[in-house]
Structures are given as structure tokens and as C-alpha cells.
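**Student:** There's a structure below that I have some questions on.
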Amino acid sequence: QVQLVESGGGLVQAGGSLRLSCAASGMIFSINDMNWYRQAPGKQRERVASITPGGRPNYADSVKGRFTISRDNARDTVYLQMNSLKPEDTAVYYCNTESRLSKANYWGQGTQVTVSS
């Protein structure tokens with residue numbers, strides 16, 4: 001059974017930083033792309049960042065230069081370092097992956113990030 005467990009959210013002032021973590025289990029972590037999504041109140045869920053098994057990142061334009069995605073395949077964990085946070089970054093952040101073997105899509109429970117102005 002695949003599980004994705006996020007942690008690291010919280011309340012921070014604008015300009016501050018947070019680091020999110022997503023610990024995966026029940027899957028072969030090292031062969032799957034990993035993604036971070038976010039969903040703000042009243043808005044659609046949007047992809048924030050992705051990382052390939054080899055560590056190549058991809059970012060939404062809205063977070064380029066401020067967020068950094070990374071992974072530790074030995075710990076089955078993906079991270080999202082968020083710097084220079086803005087109030088518009090306020091959202092629930094979700095970890096996501098699509099299994100390369102089964103094509104099933106998996107989501108974590110989400111972690112709340114709130115940026116005050």
C-alpha cells in the first residue's frame with residue numbers, strides 16, 4: 001500500500017522560508033517522478049514542482065527562483081524548499097506521484113502553508 005506523508009507546513013511571514021518533506025512508503029521510490037501540488041481556497045489544484053528519478057527538476061513559473069525541489073532516494077523522501085514566500089503561496093501543499101509500474105496516481109494528505117503579509 002503506497003503512502004505519502006507530508007510534513008513541514010506552518011505559518012510564516014512574507015519573505016520567510018519553509019521546507020516541506022514527503023516521506024514515501026510501499027513503492028519503489030527511486031524509479032518514480034515526484035511532484036508537489038498546491039491548492040488555495042476557491043482555486044484549482046496546481047502543480048508547483050516535479051523531479052525525475054535522476055534529480056532533474058521542473059517548476060511552475062510562479063515559483064521559479066524561489067522554490068527548490070530535491071529528493072533523497074536513500075530515504076524515500078522528496079523535499080520542497082520554499083524561500084521568499086509570498087501571501088499568494090498560501091495553500092494546502094500535496095505530494096504526488098504516478099507509479100511507473102502500475103500507473104496508479106497517489107496523493108498525500110496535504111500540509112497547510114500560510115504566509116502572512
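As shown in the C-alpha cells, the chain order sets the letters A, B, ...; within each chain, residues go from 1, and ligands are also counted from 1 in the order they appear.
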If we count only C-alpha atoms and set the cut-off at 12 Å, which residues sit around Leu101 in chain A, ignoring sequence neighbours fewer than 5 positions away in its own chain? Please answer as a ChimeraX atom specification.

**Tutor:** /A:27-29,31-33

**Student:** Could you pull out all residues of chain A with a DSSP call of helix (DSSP H, G or I) and give them as a VMD selection string?

**Tutor:** chain A and resid 29 to 31 87 to 89

**Student:** From the options A:Thr111, A:Ser30, A:Asn35, A:Asn73, which residue's atoms come nearest to Asn58 in chain A, counting only C-alpha atoms?

**Tutor:** A:Asn35

**Student:** I'd like the contact shell of range 88-99 of chain A - 9 Å cut-off, only C-alpha atoms, skipping same-chain residues fewer than 4 positions apart - returned as a VMD selection string.

**Tutor:** chain A and resid 4 to 6 9 20 to 22 27 to 29 31 to 41 48 63 78 103 to 116

**Student:** One decimal, Å: what's the distance from CA of Arg19 in chain A over to CA of Gly65 in chain A, could you say?

**Tutor:** 15.0 Å

**Student:** Taking only C-alpha atoms into account, which of A:Ser62, A:Gln81, A:Thr52, A:Ser117 comes nearest Leu18 in chain A?

**Tutor:**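 The answer is A:Gln81, which sits nearest to Leu18 in chain A.
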
**Student:** For the atom pair CA of Ser25 in chain A and CA of Arg75 in chain A, what is the interatomic distance in Å to one decimal place?

**Tutor:**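 CA of Ser25 in chain A sits 9.8 Å away from CA of Arg75 in chain A.
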
**Student:** Among range 21-104 of chain A, which ones does DSSP assign to strand (DSSP E) (computed from the backbone)? Answer as a VMD selection string.

**Tutor:** chain A and resid 21 to 25 34 to 39 46 to 51 57 to 59 67 to 72 77 to 82 91 to 98

**Student:** Rank A:Asp72, A:Leu80, A:Leu85, A:Arg100 by their smallest atom-to-atom distance to Gly16 in chain A, using only C-alpha atoms, and report the top residue only.

**Tutor:**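 Going through A:Asp72, A:Leu80, A:Leu85, A:Arg100 one by one, the smallest distance to Gly16 in chain A is for A:Leu85.
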
**Student:** Between CA of Arg47 in chain A and CA of Phe67 in chain A, what is the distance, to one decimal in Å?

**Tutor:**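 Those two atoms sit 12.5 Å apart.
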